[in-house]
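Novice: Below is query_37.cif; it holds mmCIF, C-alpha atoms.
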data_work
#
loop_
_atom_site.label_atom_id
_atom_site.label_comp_id
_atom_site.auth_asym_id
_atom_site.auth_seq_id
_atom_site.Cartn_x
_atom_site.Cartn_y
_atom_site.Cartn_z
CA ILE H 25 -146.32 -30.85 -117.85
CA VAL H 26 -145.61 -29.97 -114.23
CA SER H 27 -145.86 -33.63 -113.31
CA VAL H 28 -143.42 -34.62 -116.04
CA CYS H 29 -140.91 -31.95 -114.93
CA LYS H 30 -141.07 -33.17 -111.34
CA ASP H 31 -140.37 -36.73 -112.48
CA ILE H 32 -137.37 -35.56 -114.52
CA TRP H 33 -136.00 -33.51 -111.58
CA LYS H 34 -136.28 -36.43 -109.17
CA LYS H 35 -134.36 -38.64 -111.57
CA GLN H 36 -131.46 -36.14 -111.65
CA LYS H 37 -128.58 -36.73 -109.10
CA PRO H 38 -128.28 -34.08 -106.42
CA PHE H 39 -125.50 -31.54 -107.00
CA TYR H 40 -123.26 -32.92 -104.28
CA LYS H 41 -123.62 -36.49 -105.61
CA LYS H 42 -122.41 -35.73 -109.12
CA THR H 43 -119.13 -37.50 -110.00
CA TRP H 44 -117.25 -34.41 -111.22
CA VAL H 45 -118.08 -32.53 -108.03
CA ILE H 46 -116.72 -35.35 -105.87
CA VAL H 47 -113.50 -35.58 -107.91
CA VAL H 48 -112.84 -31.82 -107.70
CA GLY H 49 -113.49 -31.87 -103.97
CA VAL H 50 -111.05 -34.73 -103.36
CA ILE H 51 -108.32 -33.01 -105.42
CA ALA H 52 -108.79 -29.74 -103.53
CA PHE H 53 -108.63 -31.54 -100.17
CA LEU H 54 -105.43 -33.40 -101.10
CA THR H 55 -103.80 -30.20 -102.35
CA ILE H 56 -104.50 -28.38 -99.07
CA ALA H 57 -103.31 -31.35 -97.01
CA VAL H 58 -100.01 -31.65 -98.93
CA ASN H 59 -99.31 -27.91 -98.63
CA PHE H 60 -100.04 -27.98 -94.91
CA CYS H 61 -97.75 -30.96 -94.26
CA SER H 62 -95.00 -29.39 -96.36
CA ASP H 63 -95.16 -26.12 -94.43
CA ASP H 64 -95.26 -27.90 -91.10
CA GLY H 65 -92.33 -30.18 -91.99
CA GLY H 66 -90.27 -27.22 -93.18
CA THR H 67 -90.79 -25.44 -89.88
CA VAL H 68 -89.66 -28.45 -87.86
CA SER H 69 -86.58 -28.90 -90.05
CA THR H 70 -85.57 -25.25 -89.63
CA THR H 71 -86.00 -25.41 -85.88
CA THR H 72 -83.85 -28.53 -85.63
CA THR H 73 -81.07 -26.95 -87.71
CA ASN H 74 -81.07 -23.80 -85.60
CA SER H 75 -80.95 -25.90 -82.41
CA ASP H 76 -77.94 -27.86 -83.69
CA SER H 77 -76.20 -24.61 -84.66
CA ILE H 78 -76.79 -23.10 -81.22
CA SER H 79 -75.55 -26.30 -79.55
CA GLU H 80 -72.33 -26.30 -81.62
CA THR H 81 -71.72 -22.60 -80.88
CA THR H 82 -72.22 -23.16 -77.13
CA THR H 83 -69.80 -26.09 -77.16
CA GLU H 84 -67.14 -24.02 -78.96
CA LYS H 85 -67.51 -21.21 -76.42
CA GLU H 86 -67.21 -23.65 -73.52
CA GLU H 87 -64.00 -25.01 -75.03
CA GLU H 88 -62.60 -21.49 -75.42
CA VAL H 89 -63.47 -20.53 -71.85
CA LYS H 90 -61.98 -23.78 -70.52
CA SER H 91 -58.40 -22.46 -70.54
CA ASN H 92 -57.35 -20.15 -67.70
CA TRP H 93 -54.30 -18.86 -69.55
CA GLU H 94 -54.04 -15.27 -70.76
CA TYR H 95 -51.45 -14.30 -73.37
CA SER H 96 -49.74 -11.01 -74.13
CA GLU H 97 -46.62 -9.64 -75.77
CA SER H 98 -44.59 -6.46 -75.83
CA VAL H 99 -41.60 -5.01 -77.69
CA ASP H 100 -38.27 -3.93 -76.21
CA GLU H 101 -37.91 -0.38 -77.54
CA MET H 102 -34.12 -0.57 -77.35
CA THR H 103 -33.65 -3.83 -79.28
CA ASN H 104 -37.05 -4.18 -81.05
CA GLU H 105 -37.17 -7.76 -79.76
CA LYS H 106 -40.55 -9.21 -78.87
CA ARG H 107 -41.34 -10.40 -75.35
CA PHE H 108 -43.97 -13.07 -74.77
CA PHE H 109 -46.05 -13.78 -71.67
CA ALA H 110 -48.64 -16.33 -70.52
CA SER H 111 -50.31 -15.97 -67.11
CA CYS H 112 -52.61 -18.12 -64.99
CA VAL H 113 -54.25 -17.08 -61.70
CA SER H 114 -54.58 -19.49 -58.77
CA THR H 115 -57.94 -21.08 -57.98
CA ASN H 116 -57.49 -20.54 -54.24
CA GLU H 117 -56.54 -17.71 -51.91
CA ILE H 118 -54.39 -17.87 -48.79
CA GLU H 119 -55.14 -15.80 -45.71
CA PHE H 120 -51.99 -14.28 -44.21
CA GLU H 121 -51.72 -12.26 -41.03
CA PHE H 122 -51.51 -8.47 -40.90
CA PRO H 123 -50.36 -6.54 -42.89
CA TYR H 124 -51.15 -9.04 -45.68
CA ASP H 125 -54.58 -10.11 -44.43
CA GLY H 126 -57.70 -10.01 -46.60
CA GLY H 127 -56.87 -12.94 -48.88
CA SER H 128 -53.96 -13.30 -51.30
CA ASP H 129 -54.05 -14.91 -54.73
CA PHE H 130 -51.16 -15.97 -56.95
CA THR H 131 -50.16 -15.58 -60.58
CA LEU H 132 -47.99 -18.07 -62.43
CA THR H 133 -46.33 -16.34 -65.38
CA LEU H 134 -44.37 -17.86 -68.24
CA ARG H 135 -42.23 -15.38 -70.08
CA ASN H 136 -39.64 -15.18 -72.79
CA MET H 137 -37.66 -11.96 -72.83
CA GLY H 138 -35.39 -13.05 -75.66
CA LYS H 139 -33.00 -15.06 -73.49
CA GLY H 140 -34.96 -18.24 -72.96
CA ASN H 141 -38.09 -19.21 -71.04
CA GLU H 142 -38.64 -18.29 -67.41
CA ILE H 143 -41.26 -19.28 -64.85
CA VAL H 144 -42.29 -16.67 -62.32
CA LEU H 145 -44.60 -16.98 -59.32
CA ARG H 146 -46.04 -13.81 -57.76
CA VAL H 147 -48.24 -13.29 -54.70
CA SER H 148 -50.70 -10.38 -54.62
CA LYS H 149 -50.02 -9.70 -50.91
CA GLY H 150 -47.33 -11.46 -48.91
CA GLN H 151 -43.64 -12.43 -48.92
CA PHE H 152 -41.94 -15.61 -50.02
CA MET H 153 -38.96 -16.83 -48.06
CA PRO H 154 -35.97 -15.30 -49.88
CA GLY H 155 -34.06 -17.64 -52.16
CA ILE H 156 -30.41 -16.70 -52.69
CA LEU H 157 -28.27 -18.89 -54.98
CA SER H 158 -31.14 -21.43 -55.11
CA SER H 159 -31.13 -21.83 -51.33
CA GLU H 160 -34.92 -22.32 -51.13
CA TYR H 161 -37.31 -24.65 -52.91
CA CYS H 162 -40.97 -25.34 -53.64
CA ARG H 163 -42.58 -28.73 -53.95
CA VAL H 164 -44.45 -28.97 -57.25
CA LYS H 165 -47.06 -31.56 -58.22
CA PHE H 166 -48.49 -32.01 -61.71
CA ASP H 167 -51.86 -33.82 -61.78
CA ASP H 168 -51.51 -37.08 -59.82
CA GLY H 169 -47.74 -37.30 -60.16
CA ALA H 170 -45.29 -37.39 -57.28
CA PRO H 171 -44.18 -34.03 -55.83
CA VAL H 172 -40.88 -32.74 -57.18
CA LYS H 173 -38.61 -30.12 -55.61
CA TYR H 174 -37.81 -27.03 -57.67
CA THR H 175 -35.33 -24.54 -56.30
CA TYR H 176 -35.91 -20.86 -56.90
CA ASN H 177 -34.28 -17.44 -56.64
CA SER H 178 -35.67 -14.13 -55.45
CA ALA H 179 -35.86 -11.04 -57.64
CA ALA H 180 -32.64 -9.11 -58.20
CA ASP H 181 -34.19 -5.98 -56.70
CA GLY H 182 -35.01 -7.82 -53.47
CA SER H 183 -38.80 -7.90 -53.96
CA GLY H 184 -40.33 -10.48 -51.64
CA ASP H 185 -43.56 -11.01 -53.59
CA VAL H 186 -41.99 -12.82 -56.57
CA ILE H 187 -39.74 -15.85 -57.16
CA PHE H 188 -38.07 -17.37 -60.26
CA PHE H 189 -37.93 -21.15 -60.64
CA ASP H 190 -34.77 -22.99 -61.66
CA ASN H 191 -34.79 -25.83 -64.20
CA SER H 192 -37.54 -24.10 -66.16
CA SER H 193 -37.21 -26.42 -69.21
CA LYS H 194 -38.31 -29.44 -67.17
CA PHE H 195 -41.09 -27.38 -65.58
CA PHE H 196 -42.32 -26.30 -69.03
CA THR H 197 -42.39 -29.86 -70.36
CA LYS H 198 -44.63 -31.01 -67.51
CA LEU H 199 -46.82 -27.93 -67.64
CA LYS H 200 -47.76 -28.32 -71.32
CA THR H 201 -49.57 -31.61 -70.72
CA ALA H 202 -50.87 -31.05 -67.17
CA LYS H 203 -54.40 -30.14 -66.15
CA LYS H 204 -53.82 -29.40 -62.46
CA LEU H 205 -50.84 -27.90 -60.69
CA MET H 206 -50.03 -27.65 -56.98
CA ILE H 207 -47.17 -25.56 -55.62
CA GLU H 208 -46.15 -25.74 -51.98
CA ALA H 209 -44.15 -22.59 -51.27
CA PRO H 210 -42.52 -21.24 -48.11
CA PHE H 211 -43.65 -17.81 -46.85
CA PHE H 212 -42.13 -15.39 -44.40
CA ASP H 213 -43.64 -15.95 -40.96
CA ALA H 214 -46.36 -18.21 -42.43
CA GLY H 215 -44.66 -21.54 -43.13
CA ARG H 216 -45.38 -23.63 -46.21
CA GLN H 217 -48.69 -23.12 -48.01
CA ILE H 218 -50.22 -24.90 -51.00
CA ILE H 219 -51.30 -22.98 -54.11
CA TYR H 220 -53.64 -24.53 -56.70
CA PHE H 221 -53.84 -23.81 -60.43
CA ASP H 222 -55.94 -25.05 -63.35
CA VAL H 223 -53.34 -25.12 -66.13
CA GLU H 224 -55.03 -27.14 -68.86
CA GLY H 225 -54.82 -25.84 -72.42
CA LEU H 226 -51.46 -24.05 -72.31
CA ILE H 227 -50.20 -23.01 -75.75
CA TRP H 228 -46.51 -22.12 -75.67
CA ASP H 229 -44.00 -22.78 -78.45
CA LYS H 230 -41.37 -20.20 -77.59
#
Rewrite the structure of this file - the entire thing - as structure tokens.

Specialist:
Amino acid sequence: IVSVCKDIWKKQKPFYKKTWVIVVGVIAFLTIAVNFCSDDGGTVSTTTTNSDSISETTTEKEEEVKSNWEYSESVDEMTNEKRFFASCVSTNEIEFEFPYDGGSDFTLTLRNMGKGNEIVLRVSKGQFMPGILSSEYCRVKFDDGAPVKYTYNSAADGSGDVIFFDNSSKFFTKLKTAKKLMIEAPFFDAGRQIIYFDVEGLIWDK
């Protein structure tokens, strides 16, 4: 009997060689592999999307920062009329002698006080040559264009640190499409000096 049982056992296929065991094992392996690939692919896809989103956000911020113009407005309390301003600071400084030493920068301001557009140039420390009845001028260059003379007038209160350009409509037209601006202005006891501005991106419809 023992001998017969041994013969029967030997004729049986080992457990791991049985067909149903092999089939179940293959199905389990494929299921795990598919789930793993799906998870891995999902992770890569999410990372790529986040990267694109970050890239687009960075580009938008760079475009916003690109403009050097700052805008503001106020209200005349007597007339309730709005006043609009746009200002741009020079990219260079000029070193004047005492008492204006230490480096001076410049601010180009566009303003509309309800009576048309005006263009004002102010120096932080220093004095322009006074312009009375448009007796003085600056040479102005937009991008790679030829320099053009623009006459100016001093402030009514006699302040030497600010001037008002004539022919502002022509100046505005050029300024709206320009990227670079150079202004050669005359200064008291310092001759003519060149001021540089990055003016790209101006938005002004007043």

Novice: Evaluating the PyMOL selection byres ((chain H and resi 163) around 6) on the displayed file yields which residues, as number ranges by chain?

Specialist: H: 162, 164, 171-173, 207-208

Novice: Between CA of Lys204 (chain H) and CA of Gly225 (chain H), what is the distance in Å, rounded to a tenth?

Specialist: 10.6 Å

Novice: Expanded to explicit residues, what is the PyMOL selection byres ((chain H and resi 153) around 8) for this file, as a PyMOL selection string?

Specialist: chain H and resi 151-152+154-155+160+184+210-212

Novice: Point out the residue among H:Ser98, H:Ser178, H:Ser192, H:Ser91 with the least atom-to-atom distance to Leu226 (chain H), counting only C-alpha atoms.

Specialist: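 Ranked by minimum distance to Leu226 (chain H), first place goes to H:Ser91.
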
Novice: Measuring between all atoms listed in the file, which one of H:Leu205, H:Met137, H:Ala214, H:Ile187 shows the shortest distance to Tyr124 (chain H)?

Specialist: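 Of H:Leu205, H:Met137, H:Ala214, H:Ile187, the one nearest Tyr124 (chain H), counting all atoms listed in the file, is H:Ala214.
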
Novice: Using the chain letters and numbers from the file, which residues does the PyMOL selection byres ((chain H and resi 108) around 10) grab, as a list in words?

Specialist: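 When the PyMOL selection byres ((chain H and resi 108) around 10) is applied, the selected residues are Tyr95, Ser96, Glu97, Ser98, Val99, Glu105, Lys106, Arg107, Phe109, Ala110, Leu134, Arg135, Asn136, Met137, Gly138, Asn141, Trp228 and Lys230 of chain H.
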
Novice: Return the single residue from H:Asp222, H:Asp229, H:Asp190, H:Glu94 that is closest to Glu142 (chain H), with distances computed using only C-alpha atoms.

Specialist: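 Once distances to Glu142 (chain H) are computed over only C-alpha atoms, the minimum belongs to H:Asp190.
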
Novice: Please identify all polymer residues within 6 Å of Cys112 (chain H), counting all atoms listed in the file, omitting same-chain residues fewer than 2 positions from it, and present them as a PyMOL selection string.

Specialist: chain H and resi 92-93+131-132

Novice: Rounded to one decimal in Å, what is the spacing between CA of Phe166 (chain H) and CA of Gly140 (chain H)?

Specialist: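 Between CA of Phe166 (chain H) and CA of Gly140 (chain H) the gap is 22.3 Å.
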
Novice: Figure out the distance between CA of Val113 (chain H) and CA of Tyr220 (chain H), please, to one decimal in Å.

Specialist: 9.0 Å

Novice: For Asn116 (chain H), which residue among H:Ser159, H:Gln217, H:Thr197, H:Asn177 is the nearest when counting only C-alpha atoms?

Specialist: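 Comparing H:Ser159, H:Gln217, H:Thr197, H:Asn177 against Asn116 (chain H), the winner is H:Gln217.
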
Novice: Restricting the calculation to all atoms listed in the file, which member of H:Lys203, H:Tyr176, H:Phe195, H:Ile218 is positioned closest to Phe130 (chain H)?

Specialist: H:Ile218
